[in-house]
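Take a look at the structure below.
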Amino acid sequence: MDVYEDPATWTPLPTRPRGLLVLRFAATVVFLPVLIVLWIVAALGFIAVGFLTEVIAAVSSSYEKGLLKLMERTLDRLSGVPAWGVTWSELRHEGDAAYYGARVDKAVAGWTRKASAPRRPKKSRPPVECAIPVRDYRGVGGRYVAEVALAQGWELRPTDVRKEVRLWWSAAS
């Protein structure tokens with residue numbers, strides 16, 4: 001947390017009105033199957049394009065890397081609950097600081113487990129950066145995420161607390 005930032009942005013977000021949450025939950029229930037179908041169609045489309053352009057990919061590594069990067073970005077955007085969406089657990093636990101505290105503890109512990117795992121030969125390196133989304137800490141605030149992460153060996157990165165808290169594993173350097 002930088003000293004120039006407004007401390008009010010690191011506090012818990014205000015509780016959302018129950019009617020708005022119910023409306024967003026209903027929209028999420030309707031929209032999520034459409035999103036899943038779009039994800040499947042996009043994945044199948046990328047597989048089809050990959051099969052059709054296998055000859056180009058065998059000759060050009062930049063084409064293959066570009067296609068994989070495009071596929072990863074597209075499928076990542078289509079996966080998960082949208083930022084405006086509300087899950088059943090969020091609907092039930094809105095304003096419950098203990099629930100969100102446990103959620104933050106679980107998320108940071110998971111990233112710590114991944115980052116502190118020993119590096120295996122011929123495998124990718126463990127992640128050294130992560131982002132905890134506001135969906136996980138809205139009831140306890142970004143300050144709680146920072147405190148839990150700092151206690152487990154993480155450092156804060158420049159971040160927009162209204163969206164996520166970005167962390168960097170300090171033991172990686």
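Convention: chains lettered A, B, ... in structure tokens order; per-chain residue numbering from 1; ligands numbered from 1 as shown.
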Taking the DSSP secondary structure from the backbone, can you list the residues of stretch 1-172 of chain A that are helix (DSSP H, G or I), as a ChimeraX atom specification? /A:7-10,18-52,54-59,61-78,88-93,97-115,134-137,142-151,170-172
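Taking atom CA of A:Tyr144 and atom CA of A:Cys130 as the two end points, the separation is 15.9 Å.
A straight line drawn from atom CA of A:Leu70 to atom CA of A:Val49 is 11.9 Å long.
Every protein, DNA or RNA residue with an atom at most 7 Å from A:Leu91, where only C-alpha atoms count and chain neighbours fewer than 4 positions away do not, is listed here: A:Leu21, A:Val86, A:Thr87.
Note that atom CA of A:Ser79 and atom CA of A:Ala102 are 23.8 Å apart.
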With distances taken over only C-alpha atoms, the candidate from A:Thr9, A:Ala83, A:Ala43, A:Ser116 nearest A:Arg143 is A:Thr9
Show me, as a VMD selection string, the residues that have an atom within 8 Å of A:Gly141 when counting only C-alpha atoms, minus same-chain residues fewer than 3 positions from it. chain A and resid 10 to 13 137 to 138 144 to 145
Would you output that residue set with N, CA and C atoms, as a compact mmCIF listing (two decimals), in the first residue's frame?
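Writing done, so here's selection27.txt:
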```
# COMPACT_ATOMS: atom_id res chain seq x y z
N TRP A 10 -8.95 1.30 0.60
CA TRP A 10 -8.50 0.00 1.10
C TRP A 10 -9.45 -0.57 2.14
N THR A 11 -10.56 0.09 2.40
CA THR A 11 -11.55 -0.37 3.37
C THR A 11 -12.57 -1.28 2.67
N PRO A 12 -13.38 -2.01 3.44
CA PRO A 12 -14.41 -2.86 2.82
C PRO A 12 -15.38 -2.03 1.99
N LEU A 13 -15.84 -2.63 0.91
CA LEU A 13 -16.83 -1.95 0.07
C LEU A 13 -18.18 -1.96 0.77
N TYR A 137 -12.57 -10.21 -1.78
CA TYR A 137 -12.31 -9.42 -0.56
C TYR A 137 -13.25 -8.25 -0.33
N ARG A 138 -14.34 -8.17 -1.02
CA ARG A 138 -15.19 -6.99 -0.93
C ARG A 138 -15.73 -6.75 0.48
N TYR A 144 -7.00 -5.87 4.35
CA TYR A 144 -6.92 -7.22 4.91
C TYR A 144 -6.12 -8.14 3.99
N VAL A 145 -6.34 -8.01 2.68
CA VAL A 145 -5.58 -8.82 1.72
C VAL A 145 -4.10 -8.51 1.86
```
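With only C-alpha atoms as the atoms that count, the minimum distance from A:Val22 to the choices A:Leu167, A:Leu67, A:Val128, A:Arg92 is reached by A:Arg92.
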Would you kindly return, as a PyMOL selection string, each protein, DNA or RNA residue with an atom no farther than 10 Å from any atom of A:Arg103, considering only C-alpha atoms and excluding same-chain residues fewer than 6 positions away? chain A and resi 97+109+135-137+139-140
The selected residues should be written to file as a PDB file, in the first residue's frame (atoms: N, CA and C atoms).
```pdb
ATOM      1  N   ALA A  97     -18.226 -10.283   7.032  1.00  0.00           N
ATOM      2  CA  ALA A  97     -16.770 -10.095   7.024  1.00  0.00           C
ATOM      3  C   ALA A  97     -16.025 -11.405   7.278  1.00  0.00           C
ATOM      4  N   ALA A 109      -3.436 -18.331   0.558  1.00  0.00           N
ATOM      5  CA  ALA A 109      -2.752 -19.586   0.890  1.00  0.00           C
ATOM      6  C   ALA A 109      -2.547 -20.439  -0.366  1.00  0.00           C
ATOM      7  N   ARG A 135     -13.932  -9.607  -5.942  1.00  0.00           N
ATOM      8  CA  ARG A 135     -14.976 -10.561  -5.592  1.00  0.00           C
ATOM      9  C   ARG A 135     -14.603 -11.360  -4.340  1.00  0.00           C
ATOM     10  N   ASP A 136     -13.298 -11.564  -4.118  1.00  0.00           N
ATOM     11  CA  ASP A 136     -12.848 -12.345  -2.959  1.00  0.00           C
ATOM     12  C   ASP A 136     -12.736 -11.525  -1.681  1.00  0.00           C
ATOM     13  N   TYR A 137     -12.575 -10.205  -1.776  1.00  0.00           N
ATOM     14  CA  TYR A 137     -12.310  -9.425  -0.561  1.00  0.00           C
ATOM     15  C   TYR A 137     -13.248  -8.253  -0.333  1.00  0.00           C
ATOM     16  N   GLY A 139     -15.905  -7.757   1.286  1.00  0.00           N
ATOM     17  CA  GLY A 139     -16.434  -7.591   2.642  1.00  0.00           C
ATOM     18  C   GLY A 139     -15.387  -7.254   3.687  1.00  0.00           C
ATOM     19  N   VAL A 140     -14.093  -7.418   3.369  1.00  0.00           N
ATOM     20  CA  VAL A 140     -13.042  -7.123   4.345  1.00  0.00           C
ATOM     21  C   VAL A 140     -12.093  -6.027   3.879  1.00  0.00           C
TER      22      VAL A 140
END
```
